[in-house]
Amino acid sequence: AHLGYRGPQSKDGKLVNHVKMVYPKAGAAPSAAPSTRPMREHAHNLEFGFHTDAQADVLGLMCIRQAAEGGVSGWSSTLAVINQMLAEGRADLVQCLAGPGWYRDRARYQDLAPGDRPVWEMPVVAYHDGRVTVHYNSAHYKLCASRYPEVAGPLSETQLQAIALFEEIAGRPDFKFEQRMQPGDALFLNNSAVLHARSAFKDGDSEDERRHLVRLWLAVEDEGLSRPAHLDFPRSYSTQYERSAFVGLMRPDPATFHVPLSCEADEV
């Protein structure tokens with residue numbers, strides 16, 4: 001079955017990402033100063049709460065190896081969470097999620113020219129052409145608020161309440177499904193309809209006990225399917241798109257599109 005076309009996942013055109021803990025290379029000297037850039041979520045072993053990925057119609061994950069301990073995956077329906085917020089009388093918080101003030105860091109996904117706006121606005125909830133889409137990552141909203149306070153912060157008290165309730169409902173036992181993926185398992189999720197999460201994990205000493213998943217971002221080109229502007233992004237086959245004129249979260253150079261064969265080849 002054909003689900004979609006591979007989409008770029010980084011500003012340097014990676015079409016595949018390796019989700020695994022990145023360890024210092026053997027013999028590498030420790031850094032004299034801590035990095036000012038946070039470790040990418042796919043490259044650490046900490047708990048990663050419910051979220052959707054940055055820009056994909058369909059998220060694909062395949063398990064190559066599982067960790068010695070932990071690494072349990074979780075999923076929750078975005079629409080079920082929104083409907084429950086409404087059922088609990090918090091239409092005000094749903095309205096907040098559908099409003100302005102939710103940002104992603106454009107510098108993470110493209111090289112910015114002087115004067116470019118550093119953030120890209122992406123409302124959590126959107127209604128477009130009769131279809132509800134949800135895009136959510138609270139860590140990135142908080143990061144933008146602290147990194148670019150003049151345009152993206154601070155988050156309001158209502159926004160913080162909306163984040164807290166949204167995540168609390170998503171994590172309720174009757175709203176989430178959990179499974180520890182095993183080698184060979186593969187899944188494909190509607191990235192606008194299903195939240196995913198991961199518990200912390202601990203790798204073993206052997207390579208066979210070091211968690212490793214491979215990730216795809218797929219673009220669906222069904223006839224008549226349209227997306228809100230904030231979820232538009234270049235497709236891997238769109239080699240003729242006007243990069244200089246395109247305004248969005250991600251603006252990769254089609255000439256750089258490639259498939260890294262290992263996490264070591266990936267920027268973290």
# chains A, B, ... in the order shown; residues from 1 in each chain; ligands from 1
$ residues_around --residues "Ala80 (chain A)" --least-positions-apart "2" --cutoff "10 Å" --atoms "only C-alpha atoms" --output "PyMOL selection string"
chain A and resi 76-78+82-86+169-170+175+193-194
$ atom_distance --atom1 "CA of Asp53 (chain A)" --atom2 "CA of Arg210 (chain A)"
22.9 Å
$ closest_residue --among "A:Asp57, A:His196, A:Pro254, A:Gly101" --to "Glu150 (chain A)" --atoms "only C-alpha atoms"
A:Gly101
$ closest_atom_pairs --of "region 94-140 of chain A" --to "region 228-235 of chain A" --cutoff "12 Å" --atoms "only C-alpha atoms" --output "CSV"
residue,atom,partner,partner_atom,distance
A:Pro100,CA,A:His230,CA,11.8
A:Trp102,CA,A:His230,CA,11.1
A:Tyr103,CA,A:His230,CA,10.4
A:Arg104,CA,A:His230,CA,10.6
A:Tyr109,CA,A:Phe233,CA,11.1
A:Gln110,CA,A:Phe233,CA,11.9
A:Val119,CA,A:His230,CA,11.7
A:Trp120,CA,A:His230,CA,7.9
A:Glu121,CA,A:His230,CA,7.0
A:Met122,CA,A:His230,CA,5.6
A:Pro123,CA,A:His230,CA,8.0
A:Val124,CA,A:His230,CA,10.4
A:Val125,CA,A:Pro228,CA,10.5
A:Ala126,CA,A:Pro228,CA,7.5
A:Tyr127,CA,A:Pro228,CA,8.0
A:His128,CA,A:Pro228,CA,5.9
A:Asp129,CA,A:Pro228,CA,8.5
A:Gly130,CA,A:Pro228,CA,11.1
A:Arg131,CA,A:Pro228,CA,9.7
A:Val132,CA,A:Pro228,CA,9.8
A:Thr133,CA,A:Pro228,CA,8.5
A:Val134,CA,A:Leu231,CA,10.0
A:His135,CA,A:Leu231,CA,8.6
A:Tyr136,CA,A:Leu231,CA,11.9
$ residues_around --residues "His18 (chain A)" --least-positions-apart "5" --cutoff "7 Å" --atoms "only C-alpha atoms" --output "PyMOL selection string"
chain A and resi 212-215+262-263
$ atom_distance --atom1 "CA of Ala107 (chain A)" --atom2 "CA of Leu3 (chain A)"
29.5 Å
$ residues_around --residues "Gln9 (chain A)" --least-positions-apart "5" --cutoff "10 Å" --atoms "only C-alpha atoms" --output "VMD selection string"
chain A and resid 14 to 17 53 to 56 109 215 to 218 236 250 252 257
$ write_last_selection --atoms "N, CA, C and O atoms" --output "PDB file, in the first residue's frame"
ATOM      1  N   LYS A  14      17.211  15.810   5.709  1.00  0.00           N
ATOM      2  CA  LYS A  14      17.143  14.390   6.057  1.00  0.00           C
ATOM      3  C   LYS A  14      15.727  13.856   5.843  1.00  0.00           C
ATOM      4  O   LYS A  14      14.762  14.410   6.346  1.00  0.00           O
ATOM      5  N   LEU A  15      15.624  12.742   5.142  1.00  0.00           N
ATOM      6  CA  LEU A  15      14.338  12.120   4.870  1.00  0.00           C
ATOM      7  C   LEU A  15      14.039  10.972   5.826  1.00  0.00           C
ATOM      8  O   LEU A  15      12.927  10.443   5.821  1.00  0.00           O
ATOM      9  N   VAL A  16      15.009  10.592   6.628  1.00  0.00           N
ATOM     10  CA  VAL A  16      14.860   9.558   7.647  1.00  0.00           C
ATOM     11  C   VAL A  16      15.580  10.040   8.896  1.00  0.00           C
ATOM     12  O   VAL A  16      16.636  10.686   8.808  1.00  0.00           O
ATOM     13  N   ASN A  17      15.022   9.764  10.067  1.00  0.00           N
ATOM     14  CA  ASN A  17      15.691  10.114  11.312  1.00  0.00           C
ATOM     15  C   ASN A  17      15.832   8.871  12.181  1.00  0.00           C
ATOM     16  O   ASN A  17      14.949   8.016  12.207  1.00  0.00           O
ATOM     17  N   ASP A  53       4.426  15.355  15.929  1.00  0.00           N
ATOM     18  CA  ASP A  53       5.683  15.775  15.320  1.00  0.00           C
ATOM     19  C   ASP A  53       5.485  17.068  14.529  1.00  0.00           C
ATOM     20  O   ASP A  53       4.368  17.472  14.235  1.00  0.00           O
ATOM     21  N   ALA A  54       6.602  17.681  14.167  1.00  0.00           N
ATOM     22  CA  ALA A  54       6.560  19.049  13.652  1.00  0.00           C
ATOM     23  C   ALA A  54       5.731  19.187  12.383  1.00  0.00           C
ATOM     24  O   ALA A  54       4.780  19.962  12.343  1.00  0.00           O
ATOM     25  N   GLN A  55       6.081  18.442  11.353  1.00  0.00           N
ATOM     26  CA  GLN A  55       5.375  18.616  10.079  1.00  0.00           C
ATOM     27  C   GLN A  55       5.328  17.283   9.337  1.00  0.00           C
ATOM     28  O   GLN A  55       6.296  16.888   8.688  1.00  0.00           O
ATOM     29  N   ALA A  56       4.207  16.606   9.442  1.00  0.00           N
ATOM     30  CA  ALA A  56       3.984  15.355   8.718  1.00  0.00           C
ATOM     31  C   ALA A  56       2.493  15.103   8.702  1.00  0.00           C
ATOM     32  O   ALA A  56       1.790  15.435   9.656  1.00  0.00           O
ATOM     33  N   TYR A 109      14.647  24.581  12.121  1.00  0.00           N
ATOM     34  CA  TYR A 109      14.287  23.902  10.882  1.00  0.00           C
ATOM     35  C   TYR A 109      14.765  24.604   9.614  1.00  0.00           C
ATOM     36  O   TYR A 109      14.629  24.060   8.522  1.00  0.00           O
ATOM     37  N   ARG A 215      12.468   6.794  11.955  1.00  0.00           N
ATOM     38  CA  ARG A 215      11.275   7.634  11.812  1.00  0.00           C
ATOM     39  C   ARG A 215      11.131   8.170  10.387  1.00  0.00           C
ATOM     40  O   ARG A 215      12.101   8.586   9.759  1.00  0.00           O
ATOM     41  N   LEU A 216       9.881   8.170   9.906  1.00  0.00           N
ATOM     42  CA  LEU A 216       9.525   8.775   8.630  1.00  0.00           C
ATOM     43  C   LEU A 216       8.461   9.845   8.859  1.00  0.00           C
ATOM     44  O   LEU A 216       7.580   9.687   9.709  1.00  0.00           O
ATOM     45  N   TRP A 217       8.535  10.924   8.086  1.00  0.00           N
ATOM     46  CA  TRP A 217       7.446  11.888   7.995  1.00  0.00           C
ATOM     47  C   TRP A 217       6.891  11.777   6.579  1.00  0.00           C
ATOM     48  O   TRP A 217       7.600  12.057   5.603  1.00  0.00           O
ATOM     49  N   LEU A 218       5.644  11.352   6.463  1.00  0.00           N
ATOM     50  CA  LEU A 218       5.047  11.126   5.158  1.00  0.00           C
ATOM     51  C   LEU A 218       4.022  12.200   4.824  1.00  0.00           C
ATOM     52  O   LEU A 218       3.280  12.661   5.694  1.00  0.00           O
ATOM     53  N   SER A 236       9.173  15.912  -0.333  1.00  0.00           N
ATOM     54  CA  SER A 236      10.490  15.487  -0.811  1.00  0.00           C
ATOM     55  C   SER A 236      10.571  15.433  -2.334  1.00  0.00           C
ATOM     56  O   SER A 236      11.649  15.505  -2.899  1.00  0.00           O
ATOM     57  N   MET A 250       9.619  25.013   7.854  1.00  0.00           N
ATOM     58  CA  MET A 250      10.755  24.313   7.253  1.00  0.00           C
ATOM     59  C   MET A 250      10.930  24.745   5.806  1.00  0.00           C
ATOM     60  O   MET A 250       9.955  24.859   5.063  1.00  0.00           O
ATOM     61  N   PRO A 252      13.801  23.477   3.422  1.00  0.00           N
ATOM     62  CA  PRO A 252      15.046  22.811   3.051  1.00  0.00           C
ATOM     63  C   PRO A 252      15.371  22.988   1.577  1.00  0.00           C
ATOM     64  O   PRO A 252      14.501  23.277   0.755  1.00  0.00           O
ATOM     65  N   PHE A 257      18.336  16.761  -0.040  1.00  0.00           N
ATOM     66  CA  PHE A 257      17.517  15.649   0.446  1.00  0.00           C
ATOM     67  C   PHE A 257      18.329  14.353   0.397  1.00  0.00           C
ATOM     68  O   PHE A 257      18.901  13.990  -0.635  1.00  0.00           O
TER      69      PHE A 257
END
$ atom_distance --atom1 "CA of Ser192 (chain A)" --atom2 "CA of Leu79 (chain A)"
9.3 Å
$ closest_residue --among "A:Glu178, A:Glu168, A:Asp92, A:Asp185" --to "Ser199 (chain A)" --atoms "only C-alpha atoms"
A:Glu178
$ residues_around --residues "His2 (chain A)" --least-positions-apart "3" --cutoff "12 Å" --atoms "only C-alpha atoms" --output "JSON, numbers by chain"
{"A": [5, 6, 58, 188, 218, 219, 220, 221, 222]}
$ decode --residues "region 103-139 of chain A" --atoms "N, CA, C and O atoms" --output "short mmCIF file (atom, residue, chain, number, x, y, z; two decimals), in the first residue's frame"
data_model
loop_
_atom_site.label_atom_id
_atom_site.label_comp_id
_atom_site.auth_asym_id
_atom_site.auth_seq_id
_atom_site.Cartn_x
_atom_site.Cartn_y
_atom_site.Cartn_z
N TYR A 103 3.88 28.92 19.24
CA TYR A 103 4.99 29.10 18.30
C TYR A 103 5.95 27.92 18.29
O TYR A 103 6.12 27.22 19.29
N ARG A 104 6.62 27.75 17.13
CA ARG A 104 7.74 26.84 16.98
C ARG A 104 8.97 27.65 16.54
O ARG A 104 8.85 28.70 15.90
N ASP A 105 10.13 27.14 16.86
CA ASP A 105 11.41 27.81 16.57
C ASP A 105 11.81 27.54 15.12
O ASP A 105 12.21 26.43 14.77
N ARG A 106 11.74 28.57 14.28
CA ARG A 106 12.09 28.39 12.87
C ARG A 106 13.57 28.08 12.68
O ARG A 106 13.96 27.37 11.75
N ALA A 107 14.44 28.62 13.58
CA ALA A 107 15.88 28.40 13.45
C ALA A 107 16.24 26.93 13.58
O ALA A 107 17.29 26.50 13.11
N ARG A 108 15.38 26.17 14.21
CA ARG A 108 15.62 24.73 14.34
C ARG A 108 15.44 24.02 13.01
O ARG A 108 16.04 22.96 12.77
N TYR A 109 14.65 24.58 12.12
CA TYR A 109 14.29 23.90 10.88
C TYR A 109 14.77 24.60 9.61
O TYR A 109 14.63 24.06 8.52
N GLN A 110 15.32 25.79 9.73
CA GLN A 110 15.85 26.47 8.56
C GLN A 110 16.87 27.53 8.97
O GLN A 110 16.87 27.99 10.11
N ASP A 111 17.76 27.87 8.05
CA ASP A 111 18.72 28.93 8.29
C ASP A 111 18.03 30.26 8.03
O ASP A 111 17.51 30.50 6.93
N LEU A 112 18.03 31.12 9.03
CA LEU A 112 17.33 32.39 8.92
C LEU A 112 18.26 33.51 8.46
O LEU A 112 19.43 33.56 8.86
N ALA A 113 17.72 34.38 7.65
CA ALA A 113 18.47 35.57 7.23
C ALA A 113 18.24 36.67 8.26
O ALA A 113 17.25 36.66 9.00
N PRO A 114 19.16 37.63 8.34
CA PRO A 114 18.97 38.74 9.28
C PRO A 114 17.62 39.42 9.05
O PRO A 114 17.23 39.70 7.92
N GLY A 115 16.89 39.62 10.12
CA GLY A 115 15.59 40.25 10.03
C GLY A 115 14.44 39.28 9.90
O GLY A 115 13.27 39.68 10.02
N ASP A 116 14.72 37.99 9.63
CA ASP A 116 13.64 37.00 9.54
C ASP A 116 12.99 36.80 10.90
O ASP A 116 13.65 36.83 11.94
N ARG A 117 11.71 36.59 10.90
CA ARG A 117 10.99 36.29 12.14
C ARG A 117 11.46 34.94 12.67
O ARG A 117 11.42 33.94 11.95
N PRO A 118 11.91 34.85 13.93
CA PRO A 118 12.51 33.61 14.42
C PRO A 118 11.52 32.50 14.75
O PRO A 118 11.92 31.36 14.97
N VAL A 119 10.23 32.82 14.82
CA VAL A 119 9.24 31.82 15.20
C VAL A 119 8.19 31.67 14.11
O VAL A 119 8.00 32.55 13.27
N TRP A 120 7.52 30.52 14.13
CA TRP A 120 6.44 30.22 13.21
C TRP A 120 5.21 29.89 14.03
O TRP A 120 5.25 29.02 14.90
N GLU A 121 4.12 30.60 13.79
CA GLU A 121 2.91 30.41 14.59
C GLU A 121 2.14 29.18 14.11
O GLU A 121 1.85 29.05 12.93
N MET A 122 1.84 28.28 15.06
CA MET A 122 1.12 27.05 14.75
C MET A 122 0.08 26.79 15.82
O MET A 122 0.40 26.21 16.87
N PRO A 123 -1.16 27.23 15.64
CA PRO A 123 -2.18 26.98 16.65
C PRO A 123 -2.33 25.48 16.92
O PRO A 123 -2.14 24.66 16.02
N VAL A 124 -2.66 25.16 18.14
CA VAL A 124 -2.79 23.75 18.51
C VAL A 124 -3.97 23.12 17.78
O VAL A 124 -3.87 22.02 17.23
N VAL A 125 -5.11 23.80 17.77
CA VAL A 125 -6.32 23.29 17.14
C VAL A 125 -6.69 24.19 15.96
O VAL A 125 -6.67 25.41 16.08
N ALA A 126 -7.01 23.57 14.84
CA ALA A 126 -7.43 24.34 13.67
C ALA A 126 -8.58 23.61 12.98
O ALA A 126 -8.65 22.37 12.99
N TYR A 127 -9.48 24.39 12.38
CA TYR A 127 -10.59 23.83 11.60
C TYR A 127 -10.46 24.36 10.19
O TYR A 127 -10.53 25.57 9.96
N HIS A 128 -10.24 23.45 9.23
CA HIS A 128 -9.96 23.87 7.86
C HIS A 128 -10.65 22.91 6.90
O HIS A 128 -10.44 21.70 6.96
N ASP A 129 -11.48 23.46 6.02
CA ASP A 129 -12.19 22.66 5.01
C ASP A 129 -12.92 21.47 5.63
O ASP A 129 -12.87 20.35 5.12
N GLY A 130 -13.61 21.74 6.74
CA GLY A 130 -14.41 20.70 7.37
C GLY A 130 -13.63 19.66 8.14
O GLY A 130 -14.18 18.62 8.50
N ARG A 131 -12.37 19.92 8.41
CA ARG A 131 -11.50 18.94 9.08
C ARG A 131 -10.77 19.60 10.24
O ARG A 131 -10.21 20.68 10.11
N VAL A 132 -10.79 18.92 11.39
CA VAL A 132 -10.06 19.41 12.57
C VAL A 132 -8.66 18.82 12.56
O VAL A 132 -8.48 17.61 12.38
N THR A 133 -7.66 19.68 12.73
CA THR A 133 -6.28 19.23 12.87
C THR A 133 -5.75 19.71 14.22
O THR A 133 -6.13 20.77 14.71
N VAL A 134 -4.89 18.91 14.80
CA VAL A 134 -4.27 19.25 16.08
C VAL A 134 -2.77 19.11 15.94
O VAL A 134 -2.27 18.10 15.42
N HIS A 135 -2.05 20.11 16.36
CA HIS A 135 -0.58 20.09 16.36
C HIS A 135 -0.14 20.52 17.75
O HIS A 135 -0.49 21.62 18.20
N TYR A 136 0.64 19.68 18.44
CA TYR A 136 0.91 19.96 19.86
C TYR A 136 2.31 19.54 20.27
O TYR A 136 2.73 18.40 20.00
N ASN A 137 3.02 20.45 20.93
CA ASN A 137 4.30 20.13 21.57
C ASN A 137 4.59 21.20 22.61
O ASN A 137 5.13 22.26 22.29
N SER A 138 4.24 20.94 23.86
CA SER A 138 4.35 21.96 24.90
C SER A 138 5.80 22.35 25.17
O SER A 138 6.09 23.50 25.52
N ALA A 139 6.74 21.41 25.00
CA ALA A 139 8.14 21.74 25.24
C ALA A 139 8.62 22.83 24.30
O ALA A 139 9.39 23.72 24.68
#
